[in-house]
>>> print(open('model.cif').read())   # mmCIF, C-alpha atoms
data_upload
loop_
_atom_site.label_atom_id
_atom_site.label_comp_id
_atom_site.auth_asym_id
_atom_site.auth_seq_id
_atom_site.Cartn_x
_atom_site.Cartn_y
_atom_site.Cartn_z
CA MET A 8 -21.87 0.37 -56.03
CA ASN A 9 -18.41 -1.24 -56.16
CA LYS A 10 -17.61 -3.17 -59.33
CA LEU A 11 -15.66 -6.45 -59.33
CA LEU A 12 -14.80 -7.61 -62.84
CA VAL A 13 -13.57 -11.17 -63.42
CA LEU A 14 -12.01 -12.10 -66.76
CA GLY A 15 -12.27 -15.81 -67.49
CA GLY A 16 -14.91 -18.38 -66.59
CA GLY A 17 -12.70 -21.44 -66.34
CA THR A 18 -11.76 -23.25 -63.15
CA ALA A 19 -10.28 -20.26 -61.31
CA GLY A 20 -12.79 -17.66 -62.47
CA THR A 21 -15.78 -19.84 -61.68
CA MET A 22 -14.55 -20.63 -58.18
CA VAL A 23 -13.82 -16.95 -57.54
CA VAL A 24 -17.33 -15.75 -58.32
CA ASN A 25 -18.87 -18.56 -56.29
CA LYS A 26 -16.69 -17.80 -53.27
CA LEU A 27 -16.97 -14.02 -53.41
CA ARG A 28 -20.69 -13.79 -54.16
CA LYS A 29 -21.24 -15.35 -50.73
CA LYS A 30 -18.85 -12.93 -49.02
CA LEU A 31 -19.63 -9.60 -50.71
CA LYS A 32 -22.94 -7.87 -50.05
CA LYS A 33 -25.13 -7.65 -53.14
CA THR A 34 -26.13 -4.13 -52.16
CA GLU A 35 -22.47 -3.07 -52.22
CA TRP A 36 -20.82 -5.15 -54.96
CA LEU A 37 -21.72 -5.81 -58.58
CA ILE A 38 -19.82 -8.88 -59.82
CA THR A 39 -19.40 -9.25 -63.59
CA LEU A 40 -17.67 -12.15 -65.36
CA ILE A 41 -16.55 -12.03 -68.99
CA ASP A 42 -15.55 -14.96 -71.19
CA LYS A 43 -15.39 -15.58 -74.93
CA ASP A 44 -17.95 -18.42 -74.95
CA ASN A 45 -20.26 -20.49 -72.76
CA ARG A 46 -18.32 -23.78 -73.03
CA HIS A 47 -16.62 -25.11 -69.89
CA ILE A 48 -14.32 -28.08 -70.51
CA TYR A 49 -13.22 -30.57 -67.85
CA GLN A 50 -9.58 -30.40 -68.82
CA PRO A 51 -8.21 -33.40 -66.84
CA GLY A 52 -10.47 -35.59 -68.97
CA LEU A 53 -8.73 -34.55 -72.19
CA LEU A 54 -5.72 -36.69 -71.23
CA LEU A 55 -7.91 -39.78 -70.94
CA MET A 56 -10.19 -39.31 -73.94
CA PRO A 57 -7.65 -40.53 -76.55
CA PHE A 58 -7.65 -43.88 -74.72
CA GLY A 59 -11.44 -44.25 -74.74
CA VAL A 60 -12.10 -43.39 -71.09
CA TYR A 61 -14.41 -40.46 -71.85
CA LYS A 62 -16.56 -39.22 -74.69
CA ALA A 63 -16.38 -35.56 -75.67
CA GLU A 64 -19.90 -34.83 -74.43
CA GLU A 65 -18.93 -36.01 -70.94
CA LEU A 66 -16.30 -33.29 -70.66
CA VAL A 67 -18.25 -30.21 -71.74
CA LYS A 68 -20.93 -28.23 -69.91
CA GLU A 69 -22.30 -24.68 -70.14
CA ARG A 70 -20.29 -22.22 -68.07
CA ASP A 71 -23.22 -20.30 -66.69
CA HIS A 72 -24.64 -23.48 -65.15
CA PHE A 73 -21.98 -23.08 -62.45
CA PHE A 74 -22.33 -19.36 -61.75
CA PRO A 75 -24.27 -18.30 -58.65
CA ALA A 76 -27.32 -16.07 -58.73
CA GLY A 77 -26.41 -12.41 -58.73
CA ILE A 78 -23.57 -12.65 -61.26
CA GLU A 79 -23.65 -10.62 -64.46
CA TYR A 80 -22.27 -12.87 -67.21
CA ILE A 81 -21.01 -11.30 -70.43
CA THR A 82 -19.91 -13.20 -73.53
CA GLY A 83 -17.24 -11.47 -75.58
CA ASP A 84 -13.57 -11.31 -76.51
CA VAL A 85 -11.35 -8.95 -74.53
CA SER A 86 -9.36 -6.54 -76.68
CA VAL A 87 -7.35 -4.67 -74.06
CA ILE A 88 -7.19 -3.70 -70.40
CA ARG A 89 -6.52 -0.05 -69.61
CA PRO A 90 -5.29 -0.33 -66.03
CA ASP A 91 -4.70 3.39 -65.57
CA ALA A 92 -8.36 4.02 -66.40
CA SER A 93 -9.58 0.85 -64.63
CA GLU A 94 -11.48 -0.36 -67.66
CA VAL A 95 -11.66 -3.36 -69.98
CA ILE A 96 -12.51 -2.97 -73.66
CA LEU A 97 -14.00 -5.82 -75.67
CA GLU A 98 -13.37 -6.47 -79.36
CA ASP A 99 -16.86 -5.23 -80.19
CA GLY A 100 -16.18 -1.90 -78.47
CA ARG A 101 -18.06 -2.44 -75.21
CA ILE A 102 -16.32 -0.91 -72.20
CA PHE A 103 -16.50 -2.22 -68.63
CA LYS A 104 -15.26 -0.16 -65.71
CA TYR A 105 -14.03 -1.84 -62.54
CA ASP A 106 -12.94 -1.04 -59.02
CA GLN A 107 -11.25 -4.41 -58.64
CA LEU A 108 -10.14 -6.71 -61.47
CA VAL A 109 -9.42 -10.44 -61.31
CA ILE A 110 -7.66 -11.94 -64.32
CA ALA A 111 -8.32 -15.68 -64.59
CA THR A 112 -7.95 -16.28 -68.32
CA GLY A 113 -5.68 -19.30 -67.98
CA THR A 114 -3.03 -20.49 -70.38
CA THR A 115 -3.32 -21.78 -73.95
CA PRO A 116 -1.18 -24.10 -76.11
CA ARG A 117 0.37 -22.16 -78.97
CA PRO A 118 1.71 -24.42 -81.74
CA ASP A 119 2.13 -21.31 -83.88
CA GLN A 120 5.10 -20.31 -81.72
CA THR A 121 7.26 -23.24 -82.94
CA PRO A 122 8.21 -23.06 -86.63
CA GLY A 123 6.67 -25.94 -88.55
CA LEU A 124 4.59 -27.37 -85.72
CA ASP A 125 1.25 -25.94 -86.83
CA ASP A 126 1.86 -26.67 -90.51
CA GLU A 127 -1.38 -28.00 -91.98
CA ALA A 128 0.51 -30.93 -93.51
CA ILE A 129 1.11 -32.44 -90.04
CA TRP A 130 -1.00 -30.62 -87.43
CA HIS A 131 -3.75 -32.93 -86.20
CA LYS A 132 -2.64 -35.42 -88.87
CA SER A 133 0.67 -36.80 -87.54
CA ALA A 134 1.31 -34.18 -84.83
CA PHE A 135 -1.24 -33.77 -82.05
CA ASP A 136 -1.93 -32.04 -78.76
CA PHE A 137 -4.31 -33.30 -76.08
CA TYR A 138 -4.73 -30.03 -74.16
CA THR A 139 -7.62 -28.93 -76.38
CA LEU A 140 -10.89 -30.75 -77.04
CA GLU A 141 -10.26 -30.69 -80.77
CA GLY A 142 -6.72 -32.03 -80.36
CA SER A 143 -7.78 -34.79 -77.98
CA VAL A 144 -10.54 -35.97 -80.34
CA ALA A 145 -8.17 -35.98 -83.32
CA LEU A 146 -5.56 -37.92 -81.33
CA ARG A 147 -8.16 -40.48 -80.23
CA ASP A 148 -9.09 -41.14 -83.83
CA ALA A 149 -5.44 -41.34 -84.90
CA LEU A 150 -4.48 -43.83 -82.17
CA ALA A 151 -7.39 -46.12 -83.03
CA LYS A 152 -6.02 -46.76 -86.53
CA TRP A 153 -2.27 -46.22 -86.05
CA PRO A 154 -0.26 -49.29 -87.16
CA GLY A 155 2.71 -48.49 -84.96
CA GLY A 156 6.13 -46.91 -85.37
CA ARG A 157 7.91 -44.21 -83.43
CA MET A 158 5.76 -42.18 -81.05
CA VAL A 159 7.40 -39.08 -79.61
CA VAL A 160 5.82 -37.49 -76.53
CA HIS A 161 7.25 -33.97 -76.38
CA ILE A 162 7.22 -30.85 -74.21
CA THR A 163 8.20 -27.59 -75.87
CA GLU A 164 8.99 -25.48 -72.82
CA MET A 165 7.97 -25.03 -69.19
CA PRO A 166 5.71 -23.90 -67.63
CA ILE A 167 2.80 -25.92 -68.96
CA LYS A 168 -0.70 -26.66 -67.75
CA CYS A 169 -0.58 -29.76 -65.51
CA PRO A 170 3.15 -30.57 -65.84
CA VAL A 171 2.72 -34.29 -65.13
CA ALA A 172 0.20 -34.83 -67.94
CA PRO A 173 2.77 -35.60 -70.70
CA LEU A 174 4.31 -38.29 -68.49
CA GLU A 175 0.86 -39.68 -67.82
CA PHE A 176 0.25 -39.83 -71.55
CA ALA A 177 3.45 -41.81 -72.09
CA PHE A 178 2.50 -44.31 -69.37
CA LEU A 179 -1.05 -44.64 -70.67
CA ALA A 180 0.21 -45.12 -74.22
CA ASP A 181 2.45 -47.95 -73.06
CA ALA A 182 -0.53 -49.68 -71.41
CA TYR A 183 -2.82 -48.93 -74.38
CA PHE A 184 -0.52 -50.53 -76.94
CA THR A 185 0.21 -53.44 -74.63
CA GLU A 186 -3.51 -54.12 -74.31
CA LYS A 187 -3.83 -53.96 -78.11
CA LYS A 188 -0.98 -56.51 -78.31
CA MET A 189 1.14 -54.21 -80.44
CA ARG A 190 3.58 -52.74 -77.91
CA ASP A 191 6.45 -54.46 -79.73
CA LYS A 192 5.53 -52.42 -82.81
CA VAL A 193 5.75 -49.09 -80.97
CA GLU A 194 8.84 -47.15 -79.87
CA ILE A 195 8.01 -44.45 -77.33
CA ILE A 196 10.40 -41.56 -76.70
CA TYR A 197 9.78 -38.94 -74.02
CA VAL A 198 11.37 -35.62 -75.03
CA THR A 199 11.63 -32.85 -72.46
CA PRO A 200 13.48 -29.55 -71.91
CA LEU A 201 14.05 -30.62 -68.29
CA GLU A 202 17.11 -32.40 -66.96
CA GLY A 203 14.97 -35.37 -65.96
CA ALA A 204 11.45 -36.72 -66.06
CA PHE A 205 9.98 -34.01 -63.78
CA THR A 206 10.82 -30.74 -62.06
CA LYS A 207 11.05 -32.06 -58.48
CA PRO A 208 14.15 -34.26 -57.81
CA ALA A 209 12.61 -37.09 -55.78
CA CYS A 210 9.58 -37.29 -58.02
CA SER A 211 11.79 -37.10 -61.11
CA ARG A 212 13.78 -40.10 -59.93
CA ALA A 213 10.65 -42.15 -59.26
CA LEU A 214 9.01 -41.23 -62.56
CA GLY A 215 12.28 -41.72 -64.44
CA ALA A 216 12.51 -45.26 -63.07
CA MET A 217 8.96 -45.88 -64.29
CA LEU A 218 9.98 -44.80 -67.79
CA VAL A 219 12.83 -47.30 -67.71
CA ASP A 220 10.53 -50.09 -66.50
CA ARG A 221 8.17 -49.42 -69.40
CA LYS A 222 10.99 -49.19 -71.95
CA ILE A 223 10.20 -45.57 -72.72
CA ALA A 224 13.35 -43.71 -73.80
CA LEU A 225 14.07 -40.36 -72.14
CA GLU A 226 15.59 -37.50 -74.15
CA PRO A 227 16.28 -34.65 -71.65
CA ASP A 228 17.52 -31.09 -72.12
CA PHE A 229 15.88 -30.87 -75.54
CA MET A 230 15.09 -27.29 -76.47
CA ILE A 231 13.20 -27.38 -79.72
CA GLU A 232 14.05 -24.92 -82.48
CA ARG A 233 11.72 -26.14 -85.21
CA VAL A 234 9.89 -29.05 -86.78
CA ASP A 235 11.04 -30.23 -90.20
CA VAL A 236 7.67 -30.98 -91.76
CA GLU A 237 8.89 -32.92 -94.79
CA SER A 238 10.98 -35.42 -92.80
CA LYS A 239 8.74 -35.24 -89.67
CA THR A 240 11.67 -34.46 -87.38
CA LEU A 241 12.08 -32.39 -84.20
CA ILE A 242 15.24 -30.28 -84.35
CA SER A 243 16.73 -28.80 -81.19
CA MET A 244 18.73 -25.65 -80.58
CA ASP A 245 21.88 -27.80 -80.33
CA GLU A 246 21.00 -29.52 -83.64
CA ARG A 247 19.86 -32.85 -82.24
CA GLU A 248 17.25 -34.50 -84.43
CA ILE A 249 14.39 -36.78 -83.35
CA PRO A 250 12.27 -38.23 -86.17
CA PHE A 251 8.69 -39.28 -85.45
CA ASP A 252 5.87 -41.19 -87.05
CA LEU A 253 3.36 -39.86 -84.55
CA LEU A 254 4.06 -36.78 -82.42
CA VAL A 255 2.15 -36.03 -79.22
CA THR A 256 3.34 -32.60 -78.24
CA VAL A 257 2.71 -29.97 -75.61
CA PRO A 258 3.19 -26.70 -77.51
CA LEU A 259 4.46 -23.57 -75.84
CA ASN A 260 1.90 -22.45 -73.25
CA MET A 261 1.07 -18.74 -73.11
CA GLY A 262 -1.33 -16.45 -71.35
CA ALA A 263 -3.91 -14.41 -73.24
CA ASP A 264 -2.55 -12.07 -75.90
CA PHE A 265 -4.50 -9.10 -74.51
CA ILE A 266 -2.45 -9.35 -71.30
CA GLY A 267 0.72 -8.59 -73.20
CA LYS A 268 -1.04 -5.97 -75.30
CA SER A 269 -2.16 -4.27 -72.09
CA GLY A 270 1.36 -4.11 -70.64
CA LEU A 271 0.44 -6.45 -67.80
CA GLY A 272 2.36 -9.59 -68.68
CA ASP A 273 5.82 -11.13 -68.84
CA ASP A 274 7.32 -12.68 -72.00
CA LEU A 275 4.70 -15.45 -71.95
CA ASN A 276 1.78 -13.13 -71.12
CA TYR A 277 1.51 -14.25 -67.48
CA VAL A 278 0.73 -11.53 -64.94
CA PRO A 279 3.51 -10.95 -62.37
CA VAL A 280 1.93 -11.12 -58.92
CA ASP A 281 2.83 -11.59 -55.28
CA LYS A 282 3.02 -15.39 -55.00
CA GLN A 283 1.33 -15.37 -51.59
CA ASN A 284 -1.70 -13.16 -52.25
CA PHE A 285 -1.87 -12.81 -56.11
CA LEU A 286 -1.92 -9.01 -56.13
CA SER A 287 -0.38 -7.49 -59.24
CA LYS A 288 3.13 -6.18 -58.68
CA LYS A 289 2.23 -3.13 -60.75
CA TYR A 290 -1.39 -2.20 -60.00
CA PRO A 291 -3.12 -2.15 -56.60
CA ASN A 292 -6.57 -3.10 -57.91
CA ILE A 293 -5.62 -6.05 -60.15
CA PHE A 294 -5.24 -9.69 -59.11
CA ALA A 295 -4.35 -12.70 -61.29
CA LEU A 296 -5.36 -16.21 -60.35
CA GLY A 297 -4.95 -19.73 -61.65
CA ASP A 298 -2.86 -20.29 -64.75
CA ALA A 299 -2.96 -16.60 -65.69
CA SER A 300 -0.44 -15.64 -62.98
CA ASP A 301 3.33 -16.12 -62.91
CA ILE A 302 3.48 -17.80 -59.49
CA PRO A 303 6.19 -20.53 -59.34
CA ALA A 304 3.68 -23.33 -58.80
CA SER A 305 2.14 -25.96 -61.05
CA LYS A 306 -0.46 -24.67 -63.48
CA ALA A 307 -3.02 -27.16 -62.25
CA GLY A 308 -6.59 -27.13 -61.01
CA SER A 309 -5.57 -28.11 -57.49
CA VAL A 310 -3.36 -25.03 -57.20
CA ALA A 311 -6.26 -22.81 -58.28
CA HIS A 312 -8.53 -24.54 -55.77
CA PHE A 313 -6.21 -24.11 -52.79
CA ALA A 314 -5.19 -20.60 -53.82
CA ILE A 315 -8.75 -19.35 -54.18
CA ASP A 316 -9.78 -20.73 -50.79
CA LEU A 317 -7.25 -18.28 -49.34
CA PHE A 318 -7.77 -15.52 -51.91
CA ALA A 319 -11.45 -15.16 -51.03
CA GLU A 320 -10.54 -14.38 -47.42
CA ASN A 321 -7.74 -12.04 -48.48
CA PHE A 322 -9.92 -10.14 -50.95
CA VAL A 323 -12.50 -9.29 -48.31
CA GLU A 324 -9.75 -8.06 -45.98
CA TYR A 325 -8.13 -6.07 -48.79
CA VAL A 326 -11.20 -4.16 -49.93
CA GLN A 327 -11.96 -3.34 -46.29
CA GLY A 328 -8.51 -1.77 -45.97
CA ARG A 329 -7.08 -4.51 -43.79
CA GLU A 330 -3.92 -6.58 -44.17
CA MET A 331 -4.16 -9.77 -46.23
CA LYS A 332 -3.19 -12.45 -43.70
CA HIS A 333 -3.77 -15.68 -45.60
CA ASN A 334 -0.52 -16.45 -47.42
CA PHE A 335 -0.53 -19.15 -50.10
CA ASP A 336 2.30 -21.70 -49.97
CA GLY A 337 2.09 -23.05 -53.53
CA HIS A 338 0.20 -26.19 -52.47
CA ALA A 339 -0.37 -28.63 -55.34
CA ASN A 340 -1.96 -32.07 -55.24
CA CYS A 341 -1.88 -34.18 -58.41
CA PHE A 342 -2.92 -37.66 -59.45
CA ILE A 343 -0.57 -39.26 -61.99
CA GLU A 344 -2.04 -41.99 -64.17
CA SER A 345 0.57 -44.72 -64.62
CA GLY A 346 -1.43 -47.15 -66.77
CA ASN A 347 -2.93 -50.57 -66.13
CA GLY A 348 -5.54 -49.17 -63.76
CA LYS A 349 -3.04 -47.65 -61.36
CA GLY A 350 -1.85 -44.18 -60.45
CA LEU A 351 0.36 -42.14 -58.16
CA LEU A 352 -0.51 -39.16 -55.99
CA ILE A 353 1.88 -36.31 -55.23
CA ASP A 354 1.48 -33.46 -52.74
CA PHE A 355 3.95 -30.55 -52.64
CA ASN A 356 4.36 -26.77 -52.41
CA TYR A 357 6.80 -23.94 -53.11
CA THR A 358 9.49 -25.28 -50.79
CA THR A 359 8.79 -28.98 -50.30
CA GLU A 360 8.97 -31.55 -53.06
CA PRO A 361 6.67 -34.62 -53.27
CA LEU A 362 7.34 -37.04 -50.41
CA PRO A 363 6.12 -40.53 -49.52
CA GLY A 364 3.37 -40.88 -46.94
CA MET A 365 -0.42 -41.21 -46.80
CA PHE A 366 -3.19 -38.82 -47.92
CA PRO A 367 -5.50 -37.15 -47.01
CA ILE A 368 -5.36 -38.43 -43.40
CA PRO A 369 -1.80 -38.81 -42.08
CA VAL A 370 -0.76 -42.43 -41.49
CA ILE A 371 -4.31 -43.68 -42.24
CA GLY A 372 -4.60 -42.43 -45.81
CA PRO A 373 -6.17 -44.28 -47.58
CA MET A 374 -4.23 -42.99 -50.60
CA PRO A 375 -0.46 -43.58 -50.70
CA LEU A 376 1.79 -40.72 -51.79
CA LEU A 377 4.50 -41.21 -54.43
CA LYS A 378 3.50 -44.85 -54.86
CA GLU A 379 1.43 -46.64 -57.50
CA SER A 380 -1.94 -47.93 -56.38
CA ARG A 381 -5.35 -48.84 -57.77
CA LEU A 382 -6.95 -46.45 -55.29
CA ASN A 383 -5.08 -43.45 -56.72
CA HIS A 384 -6.39 -44.34 -60.18
CA MET A 385 -9.93 -44.54 -58.84
CA GLY A 386 -9.40 -41.20 -57.11
CA LYS A 387 -8.52 -39.58 -60.42
CA LEU A 388 -11.67 -40.94 -62.05
CA ALA A 389 -13.82 -39.86 -59.07
CA PHE A 390 -12.47 -36.34 -59.27
CA ARG A 391 -14.64 -35.55 -62.30
CA TRP A 392 -17.78 -35.74 -60.12
CA ILE A 393 -16.07 -33.69 -57.40
CA TYR A 394 -15.05 -31.08 -59.97
CA TRP A 395 -18.51 -30.55 -61.46
CA ASN A 396 -20.47 -30.79 -58.21
CA LEU A 397 -18.25 -29.39 -55.47
CA LEU A 398 -15.08 -27.63 -56.60
CA LEU A 399 -16.47 -25.33 -59.30
CA LYS A 400 -19.38 -24.30 -57.11
CA GLY A 401 -17.06 -23.26 -54.30
CA ARG A 402 -18.35 -25.90 -51.91
CA TRP A 403 -16.31 -27.29 -49.04
CA ILE A 404 -13.81 -30.06 -49.83
CA PRO A 405 -12.05 -31.64 -46.81
CA ILE A 406 -8.49 -30.92 -47.90
CA PRO A 407 -6.68 -27.95 -46.31
CA ALA A 408 -5.54 -25.13 -48.59
CA LEU A 409 -2.06 -25.11 -47.06
CA MET A 410 0.09 -28.21 -47.40
CA SER A 411 0.26 -30.38 -44.30
CA MET A 412 3.59 -31.97 -43.35
CA LYS A 413 1.93 -34.54 -41.12
CA GLY A 414 2.40 -38.14 -42.13
CA LYS A 415 5.06 -37.41 -44.74
CA ARG A 416 8.40 -39.17 -44.47
CA ALA A 417 11.97 -37.86 -44.76
CA ALA A 418 13.40 -34.37 -45.05
CA VAL A 419 14.16 -32.52 -48.23
CA VAL A 420 16.83 -30.06 -49.24
CA VAL A 421 15.56 -27.14 -51.25
CA GLU A 422 17.96 -24.56 -52.65
CA GLY A 423 20.66 -25.59 -50.20
CA GLU A 424 18.41 -25.41 -47.15
CA LYS A 425 17.06 -28.34 -45.19
CA VAL A 426 13.29 -28.10 -44.84
CA ASN A 427 11.36 -30.01 -42.20
CA ALA A 428 9.16 -32.40 -44.18
CA GLY A 429 7.21 -33.82 -41.30
CA HIS A 430 7.16 -37.31 -39.96
#
>>> encode(input="model.cif", output="structure tokens")
Amino acid sequence: MNKLLVLGGGTAGTMVVNKLRKKLKKTEWLITLIDKDNRHIYQPGLLLMPFGVYKAEELVKERDHFFPAGIEYITGDVSVIRPDASEVILEDGRIFKYDQLVIATGTTPRPDQTPGLDDEAIWHKSAFDFYTLEGSVALRDALAKWPGGRMVVHITEMPIKCPVAPLEFAFLADAYFTEKKMRDKVEIIYVTPLEGAFTKPACSRALGAMLVDRKIALEPDFMIERVDVESKTLISMDEREIPFDLLVTVPLNMGADFIGKSGLGDDLNYVPVDKQNFLSKKYPNIFALGDASDIPASKAGSVAHFAIDLFAENFVEYVQGREMKHNFDGHANCFIESGNGKGLLIDFNYTTEPLPGMFPIPVIGPMPLLKESRLNHMGKLAFRWIYWNLLLKGRWIPIPALMSMKGKRAAVVVEGEKVNAGH
């Protein structure tokens, strides 16, 4: 009996077991999934919860509800992977052998990696994250009673999970305080290590203009060194100082510590893999999917979705000794909440930045790309049902895994080369 071991029961890990259980014969493959707990969180909802859109109980379900029959589910903390022995050891001493290993343990915010940030005098008191359930709940409660002042929305370093989310928070905060008739009492500053509002030039220009329209100040190229707890000030490597009354920060994102401990990760504990098929660059029976890998794509649920559609086909070919023919192109598709019941939609990949056009049907749409609309906002809200009922369970969603150039306007220059961006 061949043994497939999957580490992580989040978005990527859950989709993997649902896809592969259908493709691998039960008489030939034992599929085991390990995670530390049985709590699956709908992470896109954490952005919206501080503004009263969701309650905590609407965002949490039991992991094993989404696993198919025929999956062995183990709860436990991973201590170390021994790739040369093809085994995983848990903290309680249990050992699991594997023939093939899929690492899908995601990425985690680490405030402890920035001096002063996780100090108990400010953490979840005047400094908050919204990438964890606990942080989002604390921020919701803080916003409800905050009298105003200087709000700093801050990114520590890239890459981060869902790179547009901090911008969305800034836009939503602007609308939230406007609705509460206290926008004139709030100064919002967007602080980023990037040169502009976003990583992709055209999108950065559009989102930067939206910051200007909403009177949100942009502080680019800010590489944080530490937080001065007493004065509540961000201090950069080049000694710039940004005081805050309320800090909404995205701490350094890192992969699981056991990845580094096992000698499988880079400096941030992400597993180096082939960006087209997710096979480890070091071991021929280890793959890394979703946020756990180092692929140069957004750490977002859409990337995991598109990637795993292709990975499932590749994995079957690989274990049968055939060439993996389904190459991933870095396809990402993200809704961007812009406040006031509107949103944008962007669609891009490794080589092509977000472009205007219509989605998902070229020309027809109905959703406009790189343009604010009520429909895009509704699409973001509708995605929660799609996530729980279709995406996690590996069911068909009518969006191709590879990015389509049809219906997109203009050409784009990437790294000095002109890329055909469709028409």
>>> residues_around(input="model.cif", residues="segment 223-226 of chain A", least_positions_apart="6", cutoff="6 Å", atoms="all atoms listed in the file", output="mmCIF file with C-alpha atoms, keeping the file's coordinate frame")
data_model
loop_
_atom_site.group_PDB
_atom_site.id
_atom_site.type_symbol
_atom_site.label_atom_id
_atom_site.label_comp_id
_atom_site.auth_asym_id
_atom_site.auth_seq_id
_atom_site.Cartn_x
_atom_site.Cartn_y
_atom_site.Cartn_z
ATOM 1 C CA ILE A 195 8.010 -44.450 -77.330
ATOM 2 C CA ILE A 196 10.400 -41.560 -76.700
ATOM 3 C CA TYR A 197 9.780 -38.940 -74.020
ATOM 4 C CA VAL A 198 11.370 -35.620 -75.030
#
>>> atom_distance(input="model.cif", atom1="atom CA of Gly156 of chain A", atom2="atom CA of Pro250 of chain A")
10.7 Å
>>> resolve_selection(input="model.cif", expression="the PyMOL selection byres ((chain A and resi 369-375) around 9)", output="VMD selection string")
chain A and resid 351 to 353 363 to 368 376 to 380 382 to 383 386 411 to 415
>>> residues_around(input="model.cif", residues="Pro122 of chain A", least_positions_apart="4", cutoff="12 Å", atoms="only C-alpha atoms", output="ChimeraX atom specification")
/A:117-118,126,130,163,231-236,240-243,258-259
>>> residues_around(input="model.cif", residues="Gly113 of chain A", least_positions_apart="4", cutoff="9 Å", atoms="all atoms listed in the file", output="number ranges by chain")
A: 15, 17-19, 168, 261-263, 277, 296-300, 306
>>> atom_distance(input="model.cif", atom1="atom CA of Cys169 of chain A", atom2="atom CA of Ala307 of chain A")
4.8 Å
>>> atom_distance(input="model.cif", atom1="atom CA of Gly337 of chain A", atom2="atom CA of Ser309 of chain A")
10.0 Å
>>> closest_residue(input="model.cif", among="A:Lys332, A:Trp403, A:Glu344, A:Tyr394", to="Ala182 of chain A", atoms="only C-alpha atoms")
A:Glu344
>>> closest_residue(input="model.cif", among="A:Phe176, A:Asp119, A:Trp153, A:Asp91", to="Lys192 of chain A", atoms="all atoms listed in the file")
A:Trp153
>>> closest_residue(input="model.cif", among="A:Leu14, A:Ala204, A:Met22, A:Leu146", to="Leu399 of chain A", atoms="only C-alpha atoms")
A:Met22
>>> residues_around(input="model.cif", residues="Gly77 of chain A", least_positions_apart="6", cutoff="9 Å", atoms="only C-alpha atoms", output="PDB file with C-alpha atoms, in the coordinates of the input")
ATOM      1  CA  ARG A  28     -20.690 -13.790 -54.160  1.00  0.00           C
ATOM      2  CA  LYS A  33     -25.130  -7.650 -53.140  1.00  0.00           C
ATOM      3  CA  LEU A  37     -21.720  -5.810 -58.580  1.00  0.00           C
ATOM      4  CA  ILE A  38     -19.820  -8.880 -59.820  1.00  0.00           C
TER       5      ILE A  38
END
>>> axis_aligned_box(input="model.cif", around="segment 379-392 of chain A", padding_each_side="8 Å", output="lines of an AutoDock Vina configuration file")
center_x = -8.2
center_y = -42.2
center_z = -58.8
size_x = 35.2
size_y = 29.3
size_z = 23.0
>>> residues_around(input="model.cif", residues="Ser86 of chain A", least_positions_apart="3", cutoff="7 Å", atoms="all atoms listed in the file", output="ChimeraX atom specification")
/A:96-98,265
>>> write_last_selection(input="model.cif", atoms="C-alpha atoms", output="compact mmCIF listing (two decimals), in the frame of the given file")
# COMPACT_ATOMS: atom_id res chain seq x y z
CA ILE A 96 -12.51 -2.97 -73.66
CA LEU A 97 -14.00 -5.82 -75.67
CA GLU A 98 -13.37 -6.47 -79.36
CA PHE A 265 -4.50 -9.10 -74.51
>>> resolve_selection(input="model.cif", expression="the PyMOL selection byres ((chain A and resi 8) around 9)", output="list in words")
Asn9, Lys10, Thr34, Glu35, Trp36 and Leu37 of chain A
